[in-house]
file run_20.csv (CSV, C-alpha atoms)
chain,number,residue,atom,x,y,z
A,18,MET,CA,105.8,110.2,23.3
A,19,TYR,CA,104.5,106.7,23.8
A,20,ILE,CA,107.3,106.1,26.2
A,21,ILE,CA,106.4,109.1,28.3
A,22,LEU,CA,102.7,108.1,28.3
A,23,PHE,CA,103.6,104.6,29.3
A,24,MET,CA,105.8,105.9,32.2
A,25,ALA,CA,103.0,108.2,33.4
A,26,LEU,CA,100.5,105.3,33.3
A,27,LEU,CA,103.0,103.2,35.2
A,28,PHE,CA,103.4,105.9,37.9
A,29,ILE,CA,99.6,106.3,38.2
A,30,THR,CA,99.1,102.6,38.3
A,31,ASP,CA,101.7,102.3,41.0
A,32,GLU,CA,100.2,105.1,43.0
A,33,LEU,CA,96.8,103.4,42.8
A,34,VAL,CA,98.3,100.3,44.2
A,35,LEU,CA,99.8,102.2,47.0
A,36,VAL,CA,96.7,103.9,48.2
A,37,SER,CA,94.0,101.3,47.5
A,38,SER,CA,93.4,98.6,50.1
A,39,GLY,CA,90.7,96.9,48.1
A,40,PRO,CA,89.0,94.2,50.1
A,41,TYR,CA,91.8,94.2,52.7
A,42,ASN,CA,91.7,96.0,56.0
A,43,ALA,CA,94.0,96.7,59.0
A,44,GLU,CA,92.4,96.1,62.3
A,45,MET,CA,93.2,98.7,64.9
A,46,PRO,CA,91.3,101.2,67.1
A,47,SER,CA,90.0,104.2,65.3
A,48,ARG,CA,91.3,106.5,68.1
A,49,ILE,CA,93.7,106.3,71.0
A,50,THR,CA,94.8,108.8,73.6
A,51,ALA,CA,98.4,109.1,74.6
A,52,LEU,CA,100.1,111.0,77.4
A,53,SER,CA,102.8,113.5,76.4
A,54,GLY,CA,106.3,112.5,77.4
A,55,SER,CA,105.4,108.8,77.3
A,56,CYS,CA,104.9,106.2,74.6
A,57,VAL,CA,101.8,104.8,72.9
A,58,GLN,CA,101.3,101.3,71.7
A,59,ILE,CA,99.0,100.7,68.6
A,60,PRO,CA,97.5,97.2,68.6
A,61,CYS,CA,97.3,96.3,64.9
A,62,THR,CA,96.7,93.3,62.6
A,63,PHE,CA,96.3,93.4,58.8
A,64,GLU,CA,94.8,91.3,56.0
A,65,VAL,CA,96.9,90.1,53.1
A,66,PRO,CA,96.5,87.2,50.6
A,67,ASP,CA,97.9,83.9,51.8
A,68,TYR,CA,99.9,83.3,48.6
A,69,GLU,CA,101.7,86.6,49.1
A,70,LEU,CA,102.8,85.6,52.6
A,71,LYS,CA,103.7,82.0,51.4
A,72,ASN,CA,106.1,83.3,48.8
A,73,ALA,CA,107.4,86.3,50.8
A,74,GLU,CA,111.1,86.6,51.4
A,75,SER,CA,110.8,89.8,53.3
A,76,ILE,CA,108.0,91.9,54.7
A,77,PHE,CA,108.3,95.6,55.7
A,78,GLY,CA,105.9,97.8,57.6
A,79,PHE,CA,105.5,101.6,57.2
A,80,TRP,CA,103.5,104.3,59.1
A,81,ILE,CA,102.3,107.4,57.2
A,82,LYS,CA,101.1,110.5,59.0
A,83,HIS,CA,98.1,112.6,58.0
A,84,ASN,CA,97.5,111.4,54.4
A,85,HIS,CA,97.4,107.7,53.2
A,86,ALA,CA,98.8,108.8,49.8
A,87,PHE,CA,102.4,109.2,51.0
A,88,LEU,CA,103.5,111.0,47.8
A,89,GLN,CA,101.2,113.9,48.6
A,90,PRO,CA,103.0,117.0,50.0
A,91,ASP,CA,101.0,116.9,53.3
A,92,SER,CA,101.8,113.3,54.1
A,93,LEU,CA,104.8,112.1,56.0
A,94,VAL,CA,106.3,108.6,56.3
A,95,VAL,CA,107.2,108.7,60.0
A,96,TYR,CA,108.5,105.1,59.9
A,97,ASN,CA,110.1,103.2,57.1
A,98,GLY,CA,110.5,99.5,57.9
A,99,SER,CA,112.9,98.8,55.0
A,100,THR,CA,115.4,101.2,56.4
A,101,ASN,CA,114.2,101.2,60.1
A,102,ILE,CA,114.2,105.0,60.0
A,103,SER,CA,111.8,107.1,62.1
A,104,ARG,CA,111.0,110.7,61.2
A,105,GLY,CA,109.4,113.2,63.6
A,106,PHE,CA,109.6,110.7,66.5
A,107,SER,CA,112.6,109.7,68.7
A,108,ARG,CA,111.8,106.1,67.9
A,109,ILE,CA,109.1,103.9,66.4
A,110,GLU,CA,109.2,100.1,66.8
A,111,ILE,CA,107.0,97.5,65.1
A,112,THR,CA,106.7,94.8,67.8
A,113,GLY,CA,104.3,92.6,65.9
A,114,ASN,CA,105.3,89.7,63.8
A,115,LEU,CA,104.5,90.8,60.2
A,116,SER,CA,104.7,87.3,58.8
A,117,ARG,CA,101.8,86.5,61.1
A,118,ARG,CA,99.8,89.6,60.0
A,119,GLU,CA,100.7,91.4,63.2
A,120,CYS,CA,101.6,95.1,62.9
A,121,THR,CA,101.4,96.2,66.6
A,122,THR,CA,103.7,99.3,66.9
A,123,VAL,CA,105.1,101.5,69.7
A,124,PHE,CA,105.6,105.2,69.2
A,125,TYR,CA,108.0,106.6,71.8
A,126,ASP,CA,108.2,110.0,73.4
A,127,VAL,CA,105.0,111.3,71.8
A,128,MET,CA,104.4,115.1,72.1
A,129,ASN,CA,101.4,117.3,71.4
A,130,ASN,CA,102.3,118.0,67.8
A,131,HIS,CA,102.1,114.3,67.1
A,132,SER,CA,98.3,114.3,67.3
A,133,ASP,CA,97.0,113.2,63.9
A,134,ASN,CA,95.8,110.3,61.7
A,135,TYR,CA,98.3,107.5,61.0
A,136,TYR,CA,98.0,104.9,58.2
A,137,PHE,CA,99.7,101.5,58.1
A,138,LYS,CA,101.4,100.3,54.9
A,139,VAL,CA,102.9,96.9,54.1
A,140,GLU,CA,105.4,95.8,51.4
A,141,ILE,CA,106.2,92.2,50.5
A,142,LYS,CA,109.2,91.1,48.6
A,143,PRO,CA,110.2,89.8,46.1
A,144,ARG,CA,106.8,90.3,44.3
A,145,ASP,CA,106.8,93.9,45.4
A,146,TRP,CA,103.3,93.6,46.7
A,147,LYS,CA,102.4,97.0,48.4
A,148,LEU,CA,99.2,98.0,50.2
A,149,THR,CA,98.3,101.1,52.2
A,150,TYR,CA,95.3,100.5,54.4
A,151,GLN,CA,92.8,103.3,54.3
A,152,ASN,CA,91.4,103.0,57.8
A,153,PRO,CA,93.7,105.1,60.0
A,154,ILE,CA,94.1,105.4,63.7
A,155,TYR,CA,93.9,108.9,65.3
A,156,ILE,CA,96.5,109.5,68.0
A,157,SER,CA,95.4,112.2,70.4
A,158,VAL,CA,98.2,113.4,72.7
A,159,SER,CA,97.2,115.0,76.0
A,160,ASP,CA,99.2,116.5,78.9
A,161,SER,CA,96.8,114.8,81.5
A,162,PRO,CA,95.9,111.2,81.9
A,163,GLN,CA,92.5,109.8,81.1
A,164,PRO,CA,90.0,109.7,84.0
A,165,LEU,CA,89.9,106.5,86.0
A,166,ILE,CA,87.0,104.1,85.6
A,167,PHE,CA,85.5,103.2,89.0
A,168,GLN,CA,83.1,100.4,89.5
A,169,PRO,CA,80.4,100.3,90.6
A,170,THR,CA,79.5,103.8,89.4
A,171,ASP,CA,76.5,104.1,91.7
A,172,LEU,CA,77.8,102.8,95.0
A,173,LYS,CA,74.8,102.1,97.3
A,174,ALA,CA,74.6,101.5,101.0
A,175,VAL,CA,74.9,97.7,101.8
A,176,MET,CA,74.3,95.8,105.0
A,177,GLU,CA,77.1,95.3,107.5
A,178,GLU,CA,79.1,92.1,107.0
A,179,THR,CA,78.3,92.1,103.3
A,180,THR,CA,81.3,91.4,101.0
A,181,VAL,CA,82.0,94.5,98.9
A,182,SER,CA,84.0,94.6,95.7
A,183,LEU,CA,85.3,97.8,94.2
A,184,SER,CA,87.4,98.1,91.0
A,185,CYS,CA,89.5,100.9,89.6
A,186,SER,CA,91.0,100.8,86.1
A,187,ALA,CA,93.5,103.2,84.4
A,188,GLU,CA,94.2,103.4,80.7
A,189,ALA,CA,97.7,102.0,79.8
A,190,PRO,CA,98.5,103.5,76.4
A,191,CYS,CA,102.2,102.7,77.0
A,192,PRO,CA,102.3,99.1,78.3
A,193,LYS,CA,106.1,99.2,78.6
A,194,HIS,CA,105.7,101.8,81.3
A,195,PRO,CA,102.2,101.2,82.7
A,196,PRO,CA,100.6,103.3,85.5
A,197,THR,CA,100.8,102.1,89.1
A,198,ILE,CA,97.5,102.1,91.0
A,199,SER,CA,97.3,102.7,94.8
A,200,TRP,CA,94.5,102.8,97.2
A,201,THR,CA,94.3,105.0,100.3
A,202,ASN,CA,92.2,104.9,103.5
A,203,ILE,CA,91.2,101.3,102.9
A,204,PRO,CA,89.4,99.0,105.4
A,205,GLU,CA,91.5,96.6,107.5
A,206,SER,CA,90.0,93.5,105.8
A,207,ALA,CA,90.7,94.7,102.3
A,208,HIS,CA,92.3,92.4,99.7
A,209,ILE,CA,93.7,94.0,96.6
A,210,THR,CA,94.7,92.4,93.2
A,211,THR,CA,96.2,94.4,90.3
A,212,GLN,CA,96.9,93.3,86.8
A,213,LEU,CA,97.3,94.5,83.2
A,214,GLN,CA,94.3,93.6,81.1
A,215,GLU,CA,93.5,93.7,77.4
A,216,LYS,CA,90.3,95.4,76.4
A,217,SER,CA,88.0,94.5,73.5
A,218,ASP,CA,89.8,96.9,71.1
A,219,LYS,CA,93.1,95.3,72.1
A,220,THR,CA,94.3,98.3,74.0
A,221,LEU,CA,95.5,97.8,77.6
A,222,SER,CA,94.5,99.0,81.0
A,223,VAL,CA,95.7,98.4,84.6
A,224,PHE,CA,92.8,96.9,86.5
A,225,SER,CA,92.8,96.9,90.3
A,226,ASN,CA,90.2,95.1,92.4
A,227,MET,CA,89.6,95.4,96.1
A,228,THR,CA,87.3,93.2,98.2
A,229,PHE,CA,86.4,93.6,101.9
A,230,LYS,CA,83.8,93.0,104.6
A,231,ALA,CA,81.4,95.9,105.2
A,232,SER,CA,82.0,97.2,108.8
A,233,TYR,CA,80.3,100.0,110.7
A,234,MET,CA,83.8,101.4,111.5
A,235,ASP,CA,84.2,102.2,107.8
A,236,HIS,CA,80.9,103.9,107.4
A,237,ARG,CA,81.2,107.2,105.6
A,238,LYS,CA,84.9,106.6,105.0
A,239,ASN,CA,86.4,108.2,101.8
A,240,ILE,CA,88.4,105.7,99.8
A,241,SER,CA,90.7,107.0,97.0
A,242,CYS,CA,92.2,105.2,94.0
A,243,THR,CA,95.2,106.9,92.4
A,244,ALA,CA,97.0,106.1,89.2
A,245,THR,CA,100.5,107.4,88.7
A,246,TYR,CA,102.0,107.6,85.1
A,247,PRO,CA,105.7,107.7,84.6
A,248,ARG,CA,106.8,110.1,81.8
A,249,LYS,CA,109.8,111.9,80.5
A,250,THR,CA,109.0,115.2,82.3
A,251,SER,CA,110.0,116.8,85.6
A,252,ASN,CA,107.1,115.1,87.4
A,253,ASP,CA,105.0,112.0,87.0
A,254,SER,CA,101.3,112.5,86.2
A,255,THR,CA,98.6,111.3,88.6
A,256,VAL,CA,94.9,111.0,88.4
A,257,GLU,CA,92.6,110.2,91.3
A,258,THR,CA,89.0,109.3,92.1
A,259,THR,CA,87.3,109.1,95.5
A,260,VAL,CA,84.2,107.3,96.7
A,261,MET,CA,82.4,107.4,100.1
A,262,LEU,CA,81.4,104.1,101.7
A,263,GLN,CA,77.9,103.8,103.0
A,264,PHE,CA,76.8,100.8,105.2
A,265,LEU,CA,73.6,99.9,107.1
A,266,PHE,CA,74.0,98.6,110.6
A,267,PRO,CA,72.2,98.3,114.0
A,268,PRO,CA,73.2,100.5,117.0
A,269,LYS,CA,76.8,100.2,118.0
A,270,GLU,CA,78.9,101.6,120.9
A,271,THR,CA,75.8,102.6,122.9
A,272,ARG,CA,76.7,104.4,126.1
A,273,ILE,CA,75.4,106.9,128.6
A,274,THR,CA,77.0,110.3,129.3
A,275,ILE,CA,76.1,112.5,132.3
A,276,ASP,CA,76.4,116.3,132.5
A,277,GLN,CA,78.0,116.2,135.9
A,278,SER,CA,79.5,113.8,138.5
A,279,ALA,CA,77.6,110.5,139.1
A,280,SER,CA,77.5,111.6,142.7
A,281,VAL,CA,74.6,114.1,143.1
A,282,SER,CA,72.6,115.6,146.0
A,283,VAL,CA,68.9,116.0,146.5
A,284,GLY,CA,67.4,118.8,144.5
A,285,THR,CA,70.1,118.7,141.7
A,286,ASN,CA,68.9,118.8,138.1
A,287,VAL,CA,70.5,115.8,136.2
A,288,THR,CA,70.7,115.2,132.4
A,289,LEU,CA,71.6,111.7,131.1
A,290,THR,CA,72.2,111.3,127.4
A,291,CYS,CA,72.2,108.0,125.4
A,292,LYS,CA,74.7,108.0,122.5
A,293,SER,CA,74.9,105.3,119.8
A,294,LYS,CA,76.3,104.8,116.3
A,295,ALA,CA,73.8,103.4,113.7
A,296,ASN,CA,72.7,103.7,110.1
A,297,PRO,CA,70.0,104.8,109.5
A,298,SER,CA,70.1,107.0,112.6
A,299,ASN,CA,67.3,109.5,111.9
A,300,ASN,CA,64.7,107.0,113.1
A,301,MET,CA,66.4,105.6,116.2
A,302,THR,CA,64.4,105.1,119.4
A,303,PHE,CA,65.9,105.3,122.9
A,304,TYR,CA,64.5,103.7,126.0
A,305,TRP,CA,65.5,104.6,129.6
A,306,HIS,CA,65.5,102.0,132.3
A,307,LYS,CA,66.4,101.6,136.0
A,308,ARG,CA,67.5,98.4,137.5
A,309,GLY,CA,64.7,96.7,139.3
A,310,GLN,CA,61.9,98.4,137.4
A,311,GLU,CA,60.2,96.6,134.5
A,312,SER,CA,58.7,99.6,132.8
A,313,PRO,CA,60.9,102.2,130.9
A,314,LEU,CA,61.4,105.4,132.7
A,315,ASP,CA,61.1,107.5,129.5
A,316,LEU,CA,61.7,107.6,125.8
A,317,GLY,CA,64.1,109.9,124.0
A,318,GLU,CA,67.8,110.5,123.6
A,319,GLN,CA,67.9,112.4,127.0
A,320,LEU,CA,66.6,111.6,130.5
A,321,ILE,CA,66.2,114.8,132.5
A,322,PHE,CA,65.0,114.8,136.2
A,323,THR,CA,65.4,116.5,139.6
A,324,VAL,CA,67.2,114.2,142.1
A,325,ASN,CA,65.2,113.1,145.1
A,326,ARG,CA,65.8,110.5,147.9
A,327,SER,CA,64.8,107.6,145.6
A,328,SER,CA,66.9,108.6,142.6
A,329,GLY,CA,69.9,106.6,143.5
A,330,GLY,CA,70.5,103.3,141.6
A,331,TRP,CA,71.7,101.9,138.3
A,332,TYR,CA,70.5,103.3,135.0
A,333,PHE,CA,70.9,102.1,131.4
A,334,CYS,CA,69.5,102.9,128.0
A,335,ILE,CA,68.5,100.8,124.9
A,336,ALA,CA,69.0,102.2,121.4
A,337,LYS,CA,67.0,100.7,118.5
A,338,ASN,CA,66.7,101.1,114.7
A,339,GLU,CA,65.2,98.9,111.9
A,340,HIS,CA,68.3,96.7,111.9
A,341,GLY,CA,68.6,95.8,115.6
A,342,ILE,CA,69.0,97.0,119.2
A,343,GLN,CA,71.8,97.4,121.7
A,344,ARG,CA,71.8,98.0,125.5
A,345,SER,CA,74.3,100.3,127.1
A,346,GLU,CA,76.4,99.5,130.2
A,347,GLU,CA,74.8,100.6,133.4
A,348,ILE,CA,75.7,103.8,135.2
A,349,GLN,CA,75.3,104.2,139.0
A,350,MET,CA,73.7,107.3,140.4
A,351,ILE,CA,75.1,107.9,143.9
A,352,MET,CA,73.3,110.1,146.4
A,353,ALA,CA,75.8,112.5,148.0
A,354,GLU,CA,76.2,112.5,151.8
A,355,LEU,CA,77.8,115.0,154.2
A,356,SER,CA,81.5,114.9,153.5
A,357,VAL,CA,84.2,114.0,156.0
A,358,PRO,CA,85.8,117.5,156.1
A,359,LEU,CA,82.4,119.0,156.9
A,360,ILE,CA,81.9,116.6,159.7
A,361,ALA,CA,85.3,117.1,161.1
A,362,GLY,CA,84.8,120.9,161.0
A,363,CYS,CA,81.6,120.7,162.9
A,364,VAL,CA,83.1,118.5,165.6
A,365,GLY,CA,86.1,120.7,165.9
A,366,GLY,CA,83.9,123.8,166.3
A,367,LEU,CA,81.9,122.1,169.1
A,368,LEU,CA,85.0,121.2,170.9
A,369,ALA,CA,86.4,124.7,170.6
A,370,LEU,CA,83.2,126.1,172.1
A,371,LEU,CA,83.3,123.5,174.9
A,372,LEU,CA,87.0,124.4,175.7
A,373,LEU,CA,86.2,128.0,175.7
A,374,PHE,CA,83.3,127.4,178.1
A,375,LEU,CA,85.6,125.3,180.4
A,376,LEU,CA,88.3,127.9,180.4
A,377,VAL,CA,86.0,130.7,181.4
A,378,THR,CA,84.5,128.6,184.2
A,379,LEU,CA,87.9,127.7,185.6
A,380,LEU,CA,89.3,131.1,185.4
A,381,LYS,CA,86.3,132.5,187.3
A,382,ARG,CA,86.7,129.8,190.0
A,383,TYR,CA,90.4,130.2,190.5
A,384,ALA,CA,90.3,134.0,190.3
A,385,LYS,CA,88.8,133.9,193.8
A,386,THR,CA,91.8,132.0,195.3
A,387,LYS,CA,95.1,133.2,196.6
A,388,TYR,CA,96.7,131.9,193.5
A,389,ASP,CA,94.5,133.9,191.2
A,390,VAL,CA,97.0,136.0,189.4
A,391,PRO,CA,100.0,133.5,189.3
A,392,GLN,CA,97.8,130.6,188.6
A,393,MET,CA,96.0,132.3,185.7
A,394,PHE,CA,99.4,133.3,184.3
A,395,MET,CA,100.7,129.8,184.7
A,396,PHE,CA,97.6,128.4,183.0
A,397,VAL,CA,98.3,130.5,179.9
A,398,ILE,CA,102.0,129.5,179.9
A,399,TYR,CA,101.4,125.8,180.3
A,400,VAL,CA,98.4,125.3,178.1
A,401,PHE,CA,99.2,127.2,174.9
A,402,PRO,CA,103.0,126.5,174.5
A,403,VAL,CA,104.3,123.0,174.0
A,404,ASP,CA,106.2,120.7,176.5
A,405,THR,CA,103.7,121.2,179.3
A,406,GLU,CA,104.9,118.4,181.6
A,407,ARG,CA,108.5,119.8,181.7
A,408,LYS,CA,107.3,123.3,182.6
A,409,MET,CA,105.1,122.0,185.3
A,410,GLN,CA,108.1,120.3,186.9
A,411,GLU,CA,110.1,123.5,186.7
A,412,HIS,CA,107.2,125.7,188.1
A,413,PRO,CA,105.0,123.6,190.4
A,414,VAL,CA,101.4,124.5,190.6
A,415,ASN,CA,98.4,123.6,192.7
A,416,PRO,CA,97.7,119.8,192.0
A,417,LEU,CA,94.1,120.5,191.1
A,418,PHE,CA,95.2,123.2,188.8
A,419,GLY,CA,97.8,120.9,187.2
A,420,LYS,CA,95.2,118.3,186.5
A,421,LEU,CA,93.1,121.0,184.8
A,422,ILE,CA,96.1,122.0,182.7
A,423,ARG,CA,96.6,118.4,181.5
A,424,ILE,CA,92.9,118.0,180.5
A,425,VAL,CA,92.9,121.2,178.6
A,426,THR,CA,96.2,120.4,176.8
A,427,ARG,CA,94.8,117.0,175.7
A,428,LEU,CA,91.7,118.7,174.4
A,429,ILE,CA,93.8,121.1,172.4
A,430,ALA,CA,95.9,118.3,171.0
A,431,PHE,CA,92.8,116.4,169.9
A,432,MET,CA,91.5,119.4,168.1
call {"tool": "encode", "arguments": {"input": "run_20.csv", "output": "structure tokens"}}
result
Amino acid sequence: MYIILFMALLFITDELVLVSSGPYNAEMPSRITALSGSCVQIPCTFEVPDYELKNAESIFGFWIKHNHAFLQPDSLVVYNGSTNISRGFSRIEITGNLSRRECTTVFYDVMNNHSDNYYFKVEIKPRDWKLTYQNPIYISVSDSPQPLIFQPTDLKAVMEETTVSLSCSAEAPCPKHPPTISWTNIPESAHITTQLQEKSDKTLSVFSNMTFKASYMDHRKNISCTATYPRKTSNDSTVETTVMLQFLFPPKETRITIDQSASVSVGTNVTLTCKSKANPSNNMTFYWHKRGQESPLDLGEQLIFTVNRSSGGWYFCIAKNEHGIQRSEEIQMIMAELSVPLIAGCVGGLLALLLLFLLVTLLKRYAKTKYDVPQMFMFVIYVFPVDTERKMQEHPVNPLFGKLIRIVTRLIAFM
């Protein structure tokens, strides 16, 4: 009877030793989020009396799931350091040096059903000193990565030429296979550095920093930061965040556009438009000028007028906002004149009328002579076909009439 009571007391005493951490604690995060199909590293250190470590021949670490009292039915020893056996996981590895009070551990291939509280236990031989630390870590397993942390969170508009610094960090619960960070649509002057960083709770994250000079060409540009997580699934997991750049700058690329050709005629309605890029742009002022005139022609984005004889010349506009001004290149307004084809047509028409008049006069004059019918017939043959000189040799005509034929032929050739 006494023996049974003694054995029961011994069991209870041993159980109390196993579950009570007394004044000693294990230092680790209270919670960590893991990505399914990947691993998770638990940063961990523990307290233990110096004399136990000094006399230790061997030290073993254990991890217990759900309940710190591992003899309870709902508890499970998922890792036994004395036998190096993992249960419920493909593999668990204590990477810390236990003799230096380091118990950092990696759980591999975590799945959703692994979400739970986990307690660390240490055993020191030969004194058989055992301690289960009662502050657990909760491992939460998710199918999606944690959101990225983007800095600054409230990106404000800055002046052109200012040095801008943006940072993007991604949680790295599995440092053996950390995420890769990439940037898209970045400015030409961008300089990027990326490194693995330790946070205050000893967990890790991938930190990427980008610096560049603010330029008006990048105003309202959307920059994206993407983290890609390798995992033992059909596809890697990605998470992305996007921010729009906002810069302040004076007018840029100021120019004039015209609603028609720069060559216009009197009476034409013309619209000149001054275009410019600037921020802010809602309070821009536009001034219109003509070379040789001191005072502005008008104010406003457009200059509208009806062309007159004095409208020809060089025009330019000036765009202005609170950060500066810029003058456009000059555009020349050319007054249109009568075109060459029109002039040639008019001259040709006058010559045709003159020729017709000459023909009628000559025909009337020679119709009264003895050569009237033959000469009139020959006139038609010699003048309108080609090779007039040869035909005149084959069929001689009155010399005066031949002279007339040559004059008319040359007039026709000129036309």
call {"tool": "atom_distance", "arguments": {"input": "run_20.csv", "atom1": "CA of Arg237 in chain A", "atom2": "CA of Ala187 in chain A"}}
result
24.8 Å
call {"tool": "residues_around", "arguments": {"input": "run_20.csv", "residues": "Arg272 in chain A", "least_positions_apart": "3", "cutoff": "7 Å", "atoms": "only C-alpha atoms", "output": "PyMOL selection string"}}
result
chain A and resi 291-293+345-346
call {"tool": "closest_residue", "arguments": {"input": "run_20.csv", "among": "A:Glu318, A:Glu311, A:Glu178, A:Glu188", "to": "Leu165 in chain A", "atoms": "all atoms listed in the file"}}
result
A:Glu188
call {"tool": "residues_around", "arguments": {"input": "run_20.csv", "residues": "Glu140 in chain A", "least_positions_apart": "3", "cutoff": "7 Å", "atoms": "all atoms listed in the file", "output": "VMD selection string"}}
result
chain A and resid 76 to 78 145 to 148
call {"tool": "atom_distance", "arguments": {"input": "run_20.csv", "atom1": "CA of Lys337 in chain A", "atom2": "CA of Pro204 in chain A"}}
result
26.0 Å
call {"tool": "residues_around", "arguments": {"input": "run_20.csv", "residues": "range 60-65 of chain A", "least_positions_apart": "3", "cutoff": "9 Å", "atoms": "all atoms listed in the file", "output": "PyMOL selection string"}}
result
chain A and resi 40-46+68-70+113+115+117-123+137+139+148+150+218-220
call {"tool": "atom_distance", "arguments": {"input": "run_20.csv", "atom1": "CA of Pro190 in chain A", "atom2": "CA of Val57 in chain A"}}
result
5.0 Å
call {"tool": "closest_residue", "arguments": {"input": "run_20.csv", "among": "A:Met176, A:Leu52, A:Ala189, A:Ala73", "to": "Lys142 in chain A", "atoms": "only C-alpha atoms"}}
result
A:Ala73
call {"tool": "residues_around", "arguments": {"input": "run_20.csv", "residues": "Thr285 in chain A", "least_positions_apart": "6", "cutoff": "12 Å", "atoms": "only C-alpha atoms", "output": "list in words"}}
result
Asp276, Gln277, Ser278, Ala279, Ile321, Phe322, Thr323, Val324, Asn325, Arg326, Ser328, Met352 and Ala353 of chain A
call {"tool": "decode", "arguments": {"input": "run_20.csv", "residues": "range 79-94 of chain A", "atoms": "N, CA and C atoms", "output": "PDB file, in the first residue's frame"}}
result
ATOM      1  N   PHE A  79      12.326  19.291 -27.094  1.00  0.00           N
ATOM      2  CA  PHE A  79      11.063  18.670 -27.497  1.00  0.00           C
ATOM      3  C   PHE A  79      10.073  19.783 -27.857  1.00  0.00           C
ATOM      4  N   TRP A  80       9.129  19.441 -28.735  1.00  0.00           N
ATOM      5  CA  TRP A  80       8.023  20.340 -29.045  1.00  0.00           C
ATOM      6  C   TRP A  80       6.714  19.579 -28.843  1.00  0.00           C
ATOM      7  N   ILE A  81       5.815  20.216 -28.101  1.00  0.00           N
ATOM      8  CA  ILE A  81       4.547  19.588 -27.752  1.00  0.00           C
ATOM      9  C   ILE A  81       3.414  20.426 -28.331  1.00  0.00           C
ATOM     10  N   LYS A  82       2.474  19.763 -29.001  1.00  0.00           N
ATOM     11  CA  LYS A  82       1.348  20.451 -29.644  1.00  0.00           C
ATOM     12  C   LYS A  82       0.134  20.497 -28.730  1.00  0.00           C
ATOM     13  N   HIS A  83      -0.522  21.615 -28.688  1.00  0.00           N
ATOM     14  CA  HIS A  83      -1.830  21.866 -28.094  1.00  0.00           C
ATOM     15  C   HIS A  83      -1.819  22.014 -26.572  1.00  0.00           C
ATOM     16  N   ASN A  84      -1.198  21.057 -25.864  1.00  0.00           N
ATOM     17  CA  ASN A  84      -1.256  21.070 -24.401  1.00  0.00           C
ATOM     18  C   ASN A  84       0.152  20.883 -23.846  1.00  0.00           C
ATOM     19  N   HIS A  85       0.561  21.773 -22.901  1.00  0.00           N
ATOM     20  CA  HIS A  85       1.927  21.663 -22.372  1.00  0.00           C
ATOM     21  C   HIS A  85       2.120  20.401 -21.544  1.00  0.00           C
ATOM     22  N   ALA A  86       1.039  19.858 -20.990  1.00  0.00           N
ATOM     23  CA  ALA A  86       1.139  18.597 -20.235  1.00  0.00           C
ATOM     24  C   ALA A  86       1.077  17.459 -21.240  1.00  0.00           C
ATOM     25  N   PHE A  87       2.243  16.993 -21.686  1.00  0.00           N
ATOM     26  CA  PHE A  87       2.263  16.073 -22.818  1.00  0.00           C
ATOM     27  C   PHE A  87       1.661  14.714 -22.500  1.00  0.00           C
ATOM     28  N   LEU A  88       1.434  14.415 -21.217  1.00  0.00           N
ATOM     29  CA  LEU A  88       0.803  13.141 -20.886  1.00  0.00           C
ATOM     30  C   LEU A  88      -0.712  13.199 -21.026  1.00  0.00           C
ATOM     31  N   GLN A  89      -1.239  14.394 -21.252  1.00  0.00           N
ATOM     32  CA  GLN A  89      -2.681  14.522 -21.447  1.00  0.00           C
ATOM     33  C   GLN A  89      -3.077  13.976 -22.824  1.00  0.00           C
ATOM     34  N   PRO A  90      -4.314  13.418 -22.906  1.00  0.00           N
ATOM     35  CA  PRO A  90      -4.734  12.786 -24.176  1.00  0.00           C
ATOM     36  C   PRO A  90      -4.744  13.739 -25.367  1.00  0.00           C
ATOM     37  N   ASP A  91      -5.015  15.032 -25.103  1.00  0.00           N
ATOM     38  CA  ASP A  91      -5.107  15.969 -26.232  1.00  0.00           C
ATOM     39  C   ASP A  91      -3.776  16.601 -26.602  1.00  0.00           C
ATOM     40  N   SER A  92      -2.712  16.193 -25.971  1.00  0.00           N
ATOM     41  CA  SER A  92      -1.387  16.717 -26.313  1.00  0.00           C
ATOM     42  C   SER A  92      -0.671  15.739 -27.226  1.00  0.00           C
ATOM     43  N   LEU A  93       0.316  16.281 -27.948  1.00  0.00           N
ATOM     44  CA  LEU A  93       1.067  15.443 -28.884  1.00  0.00           C
ATOM     45  C   LEU A  93       2.501  15.935 -28.959  1.00  0.00           C
ATOM     46  N   VAL A  94       3.422  15.031 -28.695  1.00  0.00           N
ATOM     47  CA  VAL A  94       4.841  15.370 -28.837  1.00  0.00           C
ATOM     48  C   VAL A  94       5.179  15.260 -30.322  1.00  0.00           C
TER      49      VAL A  94
END
